[in-house]
Structure formats: structure tokens, C-alpha cells
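Trainee: Input upload-v1.txt, format and content: compact mmCIF, C-alpha atoms.
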# COMPACT_ATOMS: atom_id res chain seq x y z
CA MET A 1 4.73 8.55 21.71
CA THR A 2 8.09 7.00 20.82
CA GLY A 3 9.72 5.26 17.90
CA GLN A 4 8.88 1.95 19.60
CA THR A 5 5.34 2.22 18.25
CA LEU A 6 6.71 2.59 14.71
CA GLU A 7 8.50 0.07 12.54
CA ILE A 8 10.94 2.36 10.75
CA LEU A 9 12.24 0.83 7.52
CA TYR A 10 14.40 3.70 6.29
CA GLU A 11 15.36 7.17 7.48
CA ASP A 12 17.80 9.86 6.36
CA ASN A 13 17.77 13.67 6.37
CA HIS A 14 15.13 13.83 3.63
CA LEU A 15 12.88 10.74 3.84
CA ILE A 16 11.38 8.36 6.36
CA ALA A 17 9.61 5.09 5.52
CA VAL A 18 7.61 2.99 7.96
CA ASN A 19 5.76 -0.31 7.87
CA LYS A 20 2.13 0.73 8.30
CA LYS A 21 -0.08 -1.47 10.46
CA VAL A 22 -3.59 -2.31 9.28
CA SER A 23 -5.06 -0.25 12.10
CA ASP A 24 -3.18 2.94 11.22
CA ILE A 25 -4.85 5.83 9.43
CA MET A 26 -2.59 7.98 7.28
CA GLN A 27 -4.00 11.35 8.32
CA GLN A 28 -6.55 12.36 10.94
CA ASP A 29 -10.16 11.75 9.93
CA LYS A 30 -13.61 11.85 11.50
CA THR A 31 -12.68 8.97 13.84
CA HIS A 32 -10.14 11.28 15.55
CA ASP A 33 -7.83 8.28 16.00
CA ILE A 34 -4.15 9.19 16.22
CA SER A 35 -2.83 9.14 12.66
CA LEU A 36 0.42 7.68 11.38
CA GLU A 37 1.39 11.21 10.35
CA GLU A 38 1.01 12.41 13.96
CA LYS A 39 2.96 9.44 15.34
CA ILE A 40 5.89 10.12 13.03
CA LYS A 41 5.87 13.85 13.82
CA GLU A 42 6.04 13.04 17.53
CA TYR A 43 8.86 10.58 16.90
CA LEU A 44 10.85 13.17 14.91
CA LYS A 45 10.24 15.89 17.48
CA SER A 46 11.44 13.61 20.27
CA LYS A 47 14.43 12.13 18.43
CA TYR A 48 15.82 15.44 17.21
CA ASP A 49 14.66 17.52 20.19
CA LYS A 50 12.77 19.95 17.98
CA PRO A 51 11.22 22.92 19.81
CA GLY A 52 8.29 23.24 17.39
CA GLU A 53 6.33 20.86 15.21
CA ALA A 54 8.45 18.70 12.90
CA PHE A 55 7.90 19.04 9.15
CA LEU A 56 6.44 15.93 7.57
CA GLY A 57 5.10 15.66 4.04
CA VAL A 58 2.67 12.93 3.03
CA ILE A 59 3.96 11.62 -0.31
CA HIS A 60 1.39 8.87 -0.89
CA ARG A 61 -1.32 7.04 1.02
CA LEU A 62 -2.48 3.54 1.85
CA ASP A 63 -6.07 2.68 2.73
CA ARG A 64 -6.59 2.11 6.45
CA PRO A 65 -7.06 -1.70 6.20
CA VAL A 66 -3.88 -2.07 4.08
CA SER A 67 -0.43 -2.66 5.58
CA GLY A 68 3.11 -2.09 4.34
CA VAL A 69 5.67 0.43 3.14
CA VAL A 70 4.60 4.05 3.27
CA LEU A 71 6.95 6.93 2.57
CA PHE A 72 7.05 10.46 4.02
CA ALA A 73 9.24 13.48 3.31
CA LYS A 74 11.16 15.26 6.07
CA THR A 75 11.93 18.33 3.92
CA SER A 76 9.88 20.39 1.50
CA LYS A 77 12.48 19.80 -1.23
CA ALA A 78 12.14 16.03 -0.89
CA LEU A 79 8.34 16.32 -0.83
CA SER A 80 8.12 18.27 -4.10
CA ARG A 81 10.60 16.00 -5.86
CA MET A 82 8.91 12.80 -4.67
CA ASN A 83 5.48 14.13 -5.64
CA GLN A 84 6.87 14.68 -9.12
CA LYS A 85 8.25 11.14 -9.22
CA PHE A 86 4.83 9.74 -8.36
CA GLN A 87 3.18 11.86 -11.04
CA GLU A 88 5.75 10.75 -13.62
CA LYS A 89 5.51 7.07 -12.54
CA GLY A 90 9.12 7.16 -11.39
CA ILE A 91 8.40 4.80 -8.48
CA LYS A 92 7.96 1.04 -8.78
CA LYS A 93 5.28 -0.16 -6.35
CA THR A 94 5.03 -3.86 -5.49
CA TYR A 95 2.17 -5.29 -3.45
CA TRP A 96 1.27 -8.72 -2.09
CA ALA A 97 -2.35 -9.84 -1.89
CA ILE A 98 -3.95 -12.98 -0.51
CA VAL A 99 -7.07 -14.04 -2.43
CA LYS A 100 -9.47 -16.94 -1.94
CA ASN A 101 -10.11 -17.86 -5.57
CA GLN A 102 -7.51 -18.97 -8.09
CA PRO A 103 -6.97 -16.23 -10.70
CA PRO A 104 -7.83 -17.07 -14.33
CA LYS A 105 -4.11 -17.03 -15.23
CA ASP A 106 -0.95 -17.49 -13.16
CA ASN A 107 0.27 -14.11 -14.44
CA ASP A 108 -1.48 -11.39 -16.38
CA THR A 109 -1.79 -7.66 -16.96
CA LEU A 110 -5.18 -6.18 -16.11
CA THR A 111 -6.46 -3.03 -17.79
CA HIS A 112 -9.75 -1.53 -16.67
CA PHE A 113 -11.48 1.82 -16.53
CA ILE A 114 -12.24 2.69 -12.93
CA PHE A 115 -15.12 4.86 -11.84
CA ARG A 116 -15.01 6.16 -8.27
CA ASN A 117 -18.27 6.59 -6.39
CA SER A 118 -17.36 9.08 -3.66
CA LYS A 119 -20.64 8.64 -1.76
CA LEU A 120 -20.03 4.92 -1.38
CA ASN A 121 -16.24 5.35 -1.07
CA LYS A 122 -15.97 2.55 -3.59
CA SER A 123 -14.58 2.13 -7.09
CA PHE A 124 -15.97 0.08 -9.96
CA ALA A 125 -13.85 -1.51 -12.70
CA ASN A 126 -15.20 -1.55 -16.24
CA ASP A 127 -13.84 -3.27 -19.34
CA ILE A 128 -14.63 -0.24 -21.49
CA GLU A 129 -14.27 3.47 -20.83
CA VAL A 130 -17.27 5.04 -19.14
CA ALA A 131 -18.04 8.63 -18.12
CA ASP A 132 -15.65 10.01 -15.47
CA SER A 133 -13.58 6.81 -15.42
CA LYS A 134 -9.78 6.57 -15.34
CA LYS A 135 -7.58 3.94 -16.95
CA ALA A 136 -6.06 1.51 -14.44
CA ILE A 137 -3.28 -0.98 -15.14
CA LEU A 138 -1.63 -3.60 -12.97
CA SER A 139 0.30 -6.81 -13.55
CA TYR A 140 0.17 -9.78 -11.21
CA LYS A 141 1.82 -13.16 -10.81
CA LEU A 142 0.94 -16.10 -8.60
CA ILE A 143 3.86 -16.68 -6.21
CA SER A 144 2.42 -19.09 -3.65
CA LYS A 145 -0.68 -21.09 -2.79
CA SER A 146 -2.16 -23.25 -0.05
CA ASN A 147 -5.15 -25.56 -0.16
CA THR A 148 -7.53 -22.62 0.03
CA TYR A 149 -5.65 -19.36 -0.62
CA TYR A 150 -3.43 -17.80 -3.28
CA LEU A 151 -0.67 -15.22 -2.85
CA LEU A 152 -0.29 -12.74 -5.70
CA GLU A 153 2.56 -10.29 -6.31
CA ILE A 154 1.30 -7.13 -7.98
CA ASP A 155 3.15 -4.51 -9.98
CA LEU A 156 0.98 -1.41 -9.72
CA GLN A 157 1.38 0.74 -12.81
CA THR A 158 -1.26 3.39 -12.10
CA GLY A 159 -2.51 4.75 -8.79
CA ARG A 160 -6.29 4.82 -8.78
CA HIS A 161 -8.69 4.77 -5.83
CA HIS A 162 -8.92 1.21 -4.41
CA GLN A 163 -7.35 0.03 -7.67
CA ILE A 164 -5.92 -3.34 -6.63
CA ARG A 165 -8.97 -4.19 -4.54
CA CYS A 166 -11.42 -3.37 -7.29
CA GLN A 167 -9.46 -4.88 -10.20
CA LEU A 168 -8.88 -8.19 -8.40
CA ALA A 169 -12.56 -8.32 -7.45
CA LYS A 170 -13.42 -7.75 -11.12
CA ILE A 171 -11.62 -10.98 -12.10
CA GLY A 172 -13.32 -12.91 -9.28
CA CYS A 173 -10.46 -12.69 -6.77
CA PRO A 174 -11.41 -10.27 -3.98
CA VAL A 175 -8.70 -9.71 -1.37
CA LYS A 176 -9.12 -11.77 1.79
CA GLY A 177 -11.11 -9.82 4.39
CA ASP A 178 -12.26 -7.14 1.95
CA LEU A 179 -16.01 -7.03 2.57
CA LYS A 180 -16.39 -3.87 0.46
CA TYR A 181 -15.27 -5.73 -2.64
CA GLY A 182 -17.03 -9.03 -2.16
CA PHE A 183 -15.03 -11.18 0.25
CA PRO A 184 -17.56 -12.98 2.49
CA ARG A 185 -15.79 -12.62 5.87
CA SER A 186 -13.75 -9.95 7.59
CA ASN A 187 -10.24 -10.51 8.92
CA LYS A 188 -9.52 -10.45 12.62
CA GLY A 189 -8.67 -6.84 13.47
CA GLY A 190 -10.57 -5.40 10.52
CA GLY A 191 -7.69 -5.30 8.06
CA ILE A 192 -7.50 -6.87 4.63
CA SER A 193 -4.76 -9.13 3.27
CA LEU A 194 -3.23 -6.51 0.98
CA HIS A 195 0.32 -5.42 1.73
CA SER A 196 2.57 -2.76 0.23
CA ARG A 197 5.65 -4.97 -0.08
CA LYS A 198 8.24 -2.79 -1.79
CA LEU A 199 9.02 0.70 -3.13
CA GLN A 200 11.88 1.22 -5.59
CA PHE A 201 12.97 4.69 -6.72
CA THR A 202 15.89 7.05 -7.16
CA HIS A 203 16.57 9.15 -4.05
CA PRO A 204 15.35 12.73 -4.66
CA VAL A 205 18.59 14.34 -3.40
CA ASN A 206 21.58 11.97 -3.52
CA LYS A 207 20.26 10.10 -6.61
CA GLU A 208 21.01 6.64 -5.21
CA ILE A 209 18.67 3.77 -6.10
CA LEU A 210 16.58 2.87 -3.05
CA GLU A 211 14.63 -0.33 -2.47
CA ILE A 212 12.52 -0.32 0.70
CA THR A 213 10.84 -3.59 1.69
CA ALA A 214 8.30 -4.34 4.45
CA ASP A 215 7.37 -7.70 5.94
CA PRO A 216 3.63 -8.44 6.06
CA PRO A 217 1.76 -8.68 9.37
CA GLU A 218 2.77 -11.54 11.68
CA ASP A 219 0.06 -14.03 10.86
CA THR A 220 -0.17 -17.80 10.39
CA LEU A 221 -1.53 -17.60 6.84
CA TRP A 222 0.94 -14.96 5.68
CA ASN A 223 3.80 -16.97 7.19
CA ALA A 224 2.70 -20.21 5.51
CA LEU A 225 2.25 -18.66 2.08
CA ILE A 226 5.60 -16.85 2.24
CA LYS A 227 7.32 -20.08 3.31
CA ASN A 228 5.85 -21.80 0.24
CA SER A 229 6.61 -18.87 -2.05
CA VAL A 230 8.61 -19.51 -5.18
CA ASP A 231 9.87 -15.93 -5.04
CA LYS A 232 10.52 -14.47 -1.58
CA LYS A 233 12.05 -11.22 -2.86
Please, can you express the file's structure as C-alpha cells?

Mentor:
Amino acid sequence: MTGQTLEILYEDNHLIAVNKKVSDIMQQDKTHDISLEEKIKEYLKSKYDKPGEAFLGVIHRLDRPVSGVVLFAKTSKALSRMNQKFQEKGIKKTYWAIVKNQPPKDNDTLTHFIFRNSKLNKSFANDIEVADSKKAILSYKLISKSNTYYLLEIDLQTGRHHQIRCQLAKIGCPVKGDLKYGFPRSNKGGGISLHSRKLQFTHPVNKEILEITADPPEDTLWNALIKNSVDKK
């Protein structure tokens, strides 16, 4: 396993960020497929000629069918500090999503109360607080459209289970390919058209402002919508 199988977006002594493919799982699960965590550990071991297993801390996760920026820690100090940043909402997370239906407004802030059903591995968005629910907030804006699809840029303000998928479905805009949340057809390859576009945060050690951006999967629809985008940042 070499770095050629990874699209590395950023790396220093403390952090490494990669552009996750839709097929990648974050950590090993019951499928026993090779995880992104294992791939990066092998890459680090090979690159730095480490005799034992390389340290790698999982800072946050993306669902398997989602692509985009994912960040890992290469030191325990960076891991603890980045975990704290996530808890304190010290990281700005920007996503892109392709949806079939036009949203009710071109830009809006959505606030719901999300209940997670662990048996179904699915979350449900409610307009009012219900038992065992958690408040979920995101803002979106329409940045591009074609004859049949709409590209939304999403500012994720809380980090709930399947939050973007479930909140967009709640307003009648399920993510393209997302069968679990009401889209009628799957995407080729089994992914969904939800992409972690950008992470912005202060570096946990040197305190510099970092902005890490990932291009979406190479795909005709993605390419067309981005070309038509009013905001390609």
C-alpha cells in the first residue's frame, strides 16, 4: 500500500488530511474491507520507515458513501487538541450536496431535532424536540443548478448522525443517490452526492489558520454543476 492510493491534501508533523473516496470506510467494520485508517498508517510507516505501527488518531468521520476532506492526527497532542476544537465548534465545516428537487428557498438555516434509530442506522428530523433527540443546525445556499439538479453549499453548525442527509430529506431535497433518505435511485458505485468540501481551523500546534479543500469525485454531473457555479470557492 503506497501513497498513490491516497489523495493527500495536507500533511505536516502533526496532521494529515486526505480526500476520501466514496468507497472508503473510515475504520474497519464487519465488511473487513481495508479502512482509510489502515491505508494511511501503511503510508506513514512506508514514508518514514517506521519499525512499528504508525500512530494515527481519528479526529472525525465521514459516512462511507460520502466523499471529501477528512482529517487525522499524527501525534497524541494534536489528537487531543483537535478533539477539543470539534467539541467547542472551533472548526468550520463546508459541504457540497447535489439534490434533485429545488429547495424551498435559495438560502436558509435549518433547525431540527434529530432522533437516531441505531437499529435502522438512520436518523429522523423533527420540527419540535422529542425524547432522546438532539438539536441540529445547518445553513445552506444554492450555488448552481442544471435542468434537473441543484448544487447546495452547506455550513454545518452541529455534528449529528446523518445530519445533512436527514435535514435535507426533511425539506424534500434528499441527496442524489441516497436511498436511505428517500432518493429513488442509487448512484453508480454506491456513493451519494454529498462531499466534504472544506475544513477551516486554527492549527493545534503552530496556531496558523488552515483551510483544506477537496475536489469532488470526477463525474460529469459534478463537473457541469461546478462549471455553472456562481461561487467556486

Trainee: I'd like the contact shell of region 110-125 of chain A - 6 Å cut-off, all atoms listed in the file, skipping same-chain residues fewer than 2 positions apart - returned as a ChimeraX atom specification.

Mentor: /A:127,129,133-138

Trainee: Calculate how many Å separate CA of Gly57 (chain A) from CA of Leu79 (chain A), rounding to one decimal.

Mentor: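 Interatomic distance, CA of Gly57 (chain A) to CA of Leu79 (chain A): 5.9 Å.
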
Trainee: Grab the CA of His203 (chain A) to CA of Glu7 (chain A) distance for me, in Å with one decimal place.

Mentor: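 Atom-to-atom, CA of His203 (chain A) and CA of Glu7 (chain A) are spaced 20.6 Å apart.
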
Trainee: Excluding same-chain residues fewer than 2 positions from region 42-51 of chain A, what lies within 12 Å of it counting all atoms listed in the file, as a PyMOL selection string?

Mentor: chain A and resi 1-8+11-13+15-16+18+34-40+53-56+72-74

Trainee: Using all atoms listed in the file, which of the listed residues (A:Lys100, A:Lys41, A:Lys105, A:Lys145) sits closest to Phe183 (chain A)?

Mentor: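 Among A:Lys100, A:Lys41, A:Lys105, A:Lys145, it is A:Lys100 that comes nearest to Phe183 (chain A).
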
Trainee: Which is closer to Ser193 (chain A) than all the others in A:Pro65, A:Asp132, A:Lys92, A:Asp155, using only C-alpha atoms?

Mentor: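 The closest residue to Ser193 (chain A) is A:Pro65.
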
Trainee: Between A:Ile164, A:Ala97, A:Ile59, A:Ala131, single out the one closest to Leu225 (chain A), counting all atoms listed in the file.

Mentor: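 Ranked by minimum distance to Leu225 (chain A), first place goes to A:Ala97.
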
Trainee: At most 8 Å from (-11.1, -0.5, -3.3), file frame, only C-alpha atoms: which residues, as a list of chain:residue names?

Mentor: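 Residues satisfying the cut-off, written out: A:Lys122, A:Ser123, A:His161, A:His162, A:Gln163, A:Ile164, A:Arg165, A:Cys166, A:Lys180, A:Tyr181.
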
Trainee: Could you give me, as a PyMOL selection string, the residues within 12 Å of Glu153 (chain A), counting all atoms listed in the file and dropping anything in the same chain fewer than 6 positions from it?

Mentor: chain A and resi 93-99+106-109+138-145+164+168+194-198+225-226+229-233

Trainee: Quote the spacing between CA of Lys188 (chain A) and CA of Asp219 (chain A) in Å to one decimal place.

Mentor: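 Distance reported for this atom pair: 10.4 Å.
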
Trainee: Hey, which of A:Pro204, A:Gly177, A:Gly90, A:Gly68 ends up closest to Gly189 (chain A)? Count only C-alpha atoms.

Mentor: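 Using only C-alpha atoms, Gly189 (chain A) sits closest to A:Gly177.
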
Trainee: If you take every atom of region 167-177 of chain A that the file lists and fit an axis-aligned box around them with 6 Å extra on each side, what centre and edge lengths come out in Å to one decimal, as AutoDock Vina command-line options?

Mentor:
--center_x -11.1 --center_y -8.9 --center_z -3.9 --size_x 16.7 --size_y 20.0 --size_z 28.5

Trainee: For Thr213 (chain A), which of A:Gln27, A:Asn228, A:Ser67, A:Ser186 is the closest residue, counting all atoms listed in the file?

Mentor: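 Looking at the shortest contact to Thr213 (chain A), the residue is A:Ser67.
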
Trainee: Could N, CA and C atoms be built for region 80-108 of chain A and written out as a PDB file, keeping the file's coordinate frame?

Mentor:
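Once everything was written out, this is rebuild17.pdb:
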ATOM      1  N   SER A  80       8.452  17.836  -2.738  1.00  0.00           N
ATOM      2  CA  SER A  80       8.120  18.270  -4.100  1.00  0.00           C
ATOM      3  C   SER A  80       8.726  17.339  -5.143  1.00  0.00           C
ATOM      4  N   ARG A  81       9.955  16.885  -4.890  1.00  0.00           N
ATOM      5  CA  ARG A  81      10.600  16.000  -5.860  1.00  0.00           C
ATOM      6  C   ARG A  81       9.964  14.607  -5.879  1.00  0.00           C
ATOM      7  N   MET A  82       9.563  14.102  -4.718  1.00  0.00           N
ATOM      8  CA  MET A  82       8.910  12.800  -4.670  1.00  0.00           C
ATOM      9  C   MET A  82       7.503  12.854  -5.251  1.00  0.00           C
ATOM     10  N   ASN A  83       6.801  13.962  -5.019  1.00  0.00           N
ATOM     11  CA  ASN A  83       5.480  14.130  -5.640  1.00  0.00           C
ATOM     12  C   ASN A  83       5.593  14.074  -7.158  1.00  0.00           C
ATOM     13  N   GLN A  84       6.645  14.690  -7.674  1.00  0.00           N
ATOM     14  CA  GLN A  84       6.870  14.680  -9.120  1.00  0.00           C
ATOM     15  C   GLN A  84       7.162  13.259  -9.613  1.00  0.00           C
ATOM     16  N   LYS A  85       7.943  12.519  -8.840  1.00  0.00           N
ATOM     17  CA  LYS A  85       8.250  11.140  -9.220  1.00  0.00           C
ATOM     18  C   LYS A  85       6.972  10.298  -9.304  1.00  0.00           C
ATOM     19  N   PHE A  86       6.074  10.484  -8.326  1.00  0.00           N
ATOM     20  CA  PHE A  86       4.830   9.740  -8.360  1.00  0.00           C
ATOM     21  C   PHE A  86       3.994  10.117  -9.577  1.00  0.00           C
ATOM     22  N   GLN A  87       3.948  11.406  -9.887  1.00  0.00           N
ATOM     23  CA  GLN A  87       3.180  11.860 -11.040  1.00  0.00           C
ATOM     24  C   GLN A  87       3.748  11.321 -12.350  1.00  0.00           C
ATOM     25  N   GLU A  88       5.077  11.204 -12.394  1.00  0.00           N
ATOM     26  CA  GLU A  88       5.750  10.750 -13.620  1.00  0.00           C
ATOM     27  C   GLU A  88       5.983   9.239 -13.618  1.00  0.00           C
ATOM     28  N   LYS A  89       5.371   8.526 -12.649  1.00  0.00           N
ATOM     29  CA  LYS A  89       5.510   7.070 -12.540  1.00  0.00           C
ATOM     30  C   LYS A  89       6.971   6.653 -12.400  1.00  0.00           C
ATOM     31  N   GLY A  90       7.716   7.447 -11.621  1.00  0.00           N
ATOM     32  CA  GLY A  90       9.120   7.160 -11.390  1.00  0.00           C
ATOM     33  C   GLY A  90       9.359   6.293 -10.160  1.00  0.00           C
ATOM     34  N   ILE A  91       8.296   5.665  -9.656  1.00  0.00           N
ATOM     35  CA  ILE A  91       8.400   4.800  -8.480  1.00  0.00           C
ATOM     36  C   ILE A  91       7.760   3.455  -8.795  1.00  0.00           C
ATOM     37  N   LYS A  92       8.505   2.387  -8.569  1.00  0.00           N
ATOM     38  CA  LYS A  92       7.960   1.040  -8.780  1.00  0.00           C
ATOM     39  C   LYS A  92       7.328   0.574  -7.475  1.00  0.00           C
ATOM     40  N   LYS A  93       6.042   0.233  -7.539  1.00  0.00           N
ATOM     41  CA  LYS A  93       5.280  -0.160  -6.350  1.00  0.00           C
ATOM     42  C   LYS A  93       4.876  -1.628  -6.467  1.00  0.00           C
ATOM     43  N   THR A  94       5.327  -2.425  -5.502  1.00  0.00           N
ATOM     44  CA  THR A  94       5.030  -3.860  -5.490  1.00  0.00           C
ATOM     45  C   THR A  94       4.166  -4.182  -4.277  1.00  0.00           C
ATOM     46  N   TYR A  95       3.082  -4.890  -4.521  1.00  0.00           N
ATOM     47  CA  TYR A  95       2.170  -5.290  -3.450  1.00  0.00           C
ATOM     48  C   TYR A  95       2.049  -6.807  -3.407  1.00  0.00           C
ATOM     49  N   TRP A  96       1.677  -7.324  -2.238  1.00  0.00           N
ATOM     50  CA  TRP A  96       1.270  -8.720  -2.090  1.00  0.00           C
ATOM     51  C   TRP A  96      -0.196  -8.739  -1.681  1.00  0.00           C
ATOM     52  N   ALA A  97      -0.935  -9.692  -2.227  1.00  0.00           N
ATOM     53  CA  ALA A  97      -2.350  -9.840  -1.890  1.00  0.00           C
ATOM     54  C   ALA A  97      -2.693 -11.309  -1.742  1.00  0.00           C
ATOM     55  N   ILE A  98      -3.426 -11.633  -0.682  1.00  0.00           N
ATOM     56  CA  ILE A  98      -3.950 -12.980  -0.510  1.00  0.00           C
ATOM     57  C   ILE A  98      -5.398 -12.998  -0.989  1.00  0.00           C
ATOM     58  N   VAL A  99      -5.702 -13.935  -1.897  1.00  0.00           N
ATOM     59  CA  VAL A  99      -7.070 -14.040  -2.430  1.00  0.00           C
ATOM     60  C   VAL A  99      -7.562 -15.477  -2.233  1.00  0.00           C
ATOM     61  N   LYS A 100      -8.861 -15.630  -2.187  1.00  0.00           N
ATOM     62  CA  LYS A 100      -9.470 -16.940  -1.940  1.00  0.00           C
ATOM     63  C   LYS A 100      -9.550 -17.772  -3.226  1.00  0.00           C
ATOM     64  N   ASN A 101      -9.874 -17.134  -4.320  1.00  0.00           N
ATOM     65  CA  ASN A 101     -10.110 -17.860  -5.570  1.00  0.00           C
ATOM     66  C   ASN A 101      -8.863 -17.841  -6.455  1.00  0.00           C
ATOM     67  N   GLN A 102      -8.639 -18.908  -7.180  1.00  0.00           N
ATOM     68  CA  GLN A 102      -7.510 -18.970  -8.090  1.00  0.00           C
ATOM     69  C   GLN A 102      -7.749 -18.016  -9.257  1.00  0.00           C
ATOM     70  N   PRO A 103      -6.771 -17.156  -9.586  1.00  0.00           N
ATOM     71  CA  PRO A 103      -6.970 -16.230 -10.700  1.00  0.00           C
ATOM     72  C   PRO A 103      -7.050 -16.991 -12.025  1.00  0.00           C
ATOM     73  N   PRO A 104      -7.672 -16.395 -13.040  1.00  0.00           N
ATOM     74  CA  PRO A 104      -7.830 -17.070 -14.330  1.00  0.00           C
ATOM     75  C   PRO A 104      -6.501 -17.500 -14.957  1.00  0.00           C
ATOM     76  N   LYS A 105      -5.448 -16.709 -14.726  1.00  0.00           N
ATOM     77  CA  LYS A 105      -4.110 -17.030 -15.230  1.00  0.00           C
ATOM     78  C   LYS A 105      -3.110 -16.887 -14.095  1.00  0.00           C
ATOM     79  N   ASP A 106      -1.984 -17.592 -14.194  1.00  0.00           N
ATOM     80  CA  ASP A 106      -0.950 -17.490 -13.160  1.00  0.00           C
ATOM     81  C   ASP A 106      -0.253 -16.133 -13.187  1.00  0.00           C
ATOM     82  N   ASN A 107      -0.231 -15.492 -14.346  1.00  0.00           N
ATOM     83  CA  ASN A 107       0.270 -14.110 -14.440  1.00  0.00           C
ATOM     84  C   ASN A 107      -0.451 -13.419 -15.581  1.00  0.00           C
ATOM     85  N   ASP A 108      -0.698 -12.134 -15.389  1.00  0.00           N
ATOM     86  CA  ASP A 108      -1.480 -11.390 -16.380  1.00  0.00           C
ATOM     87  C   ASP A 108      -1.341  -9.894 -16.120  1.00  0.00           C
TER      88      ASP A 108
END
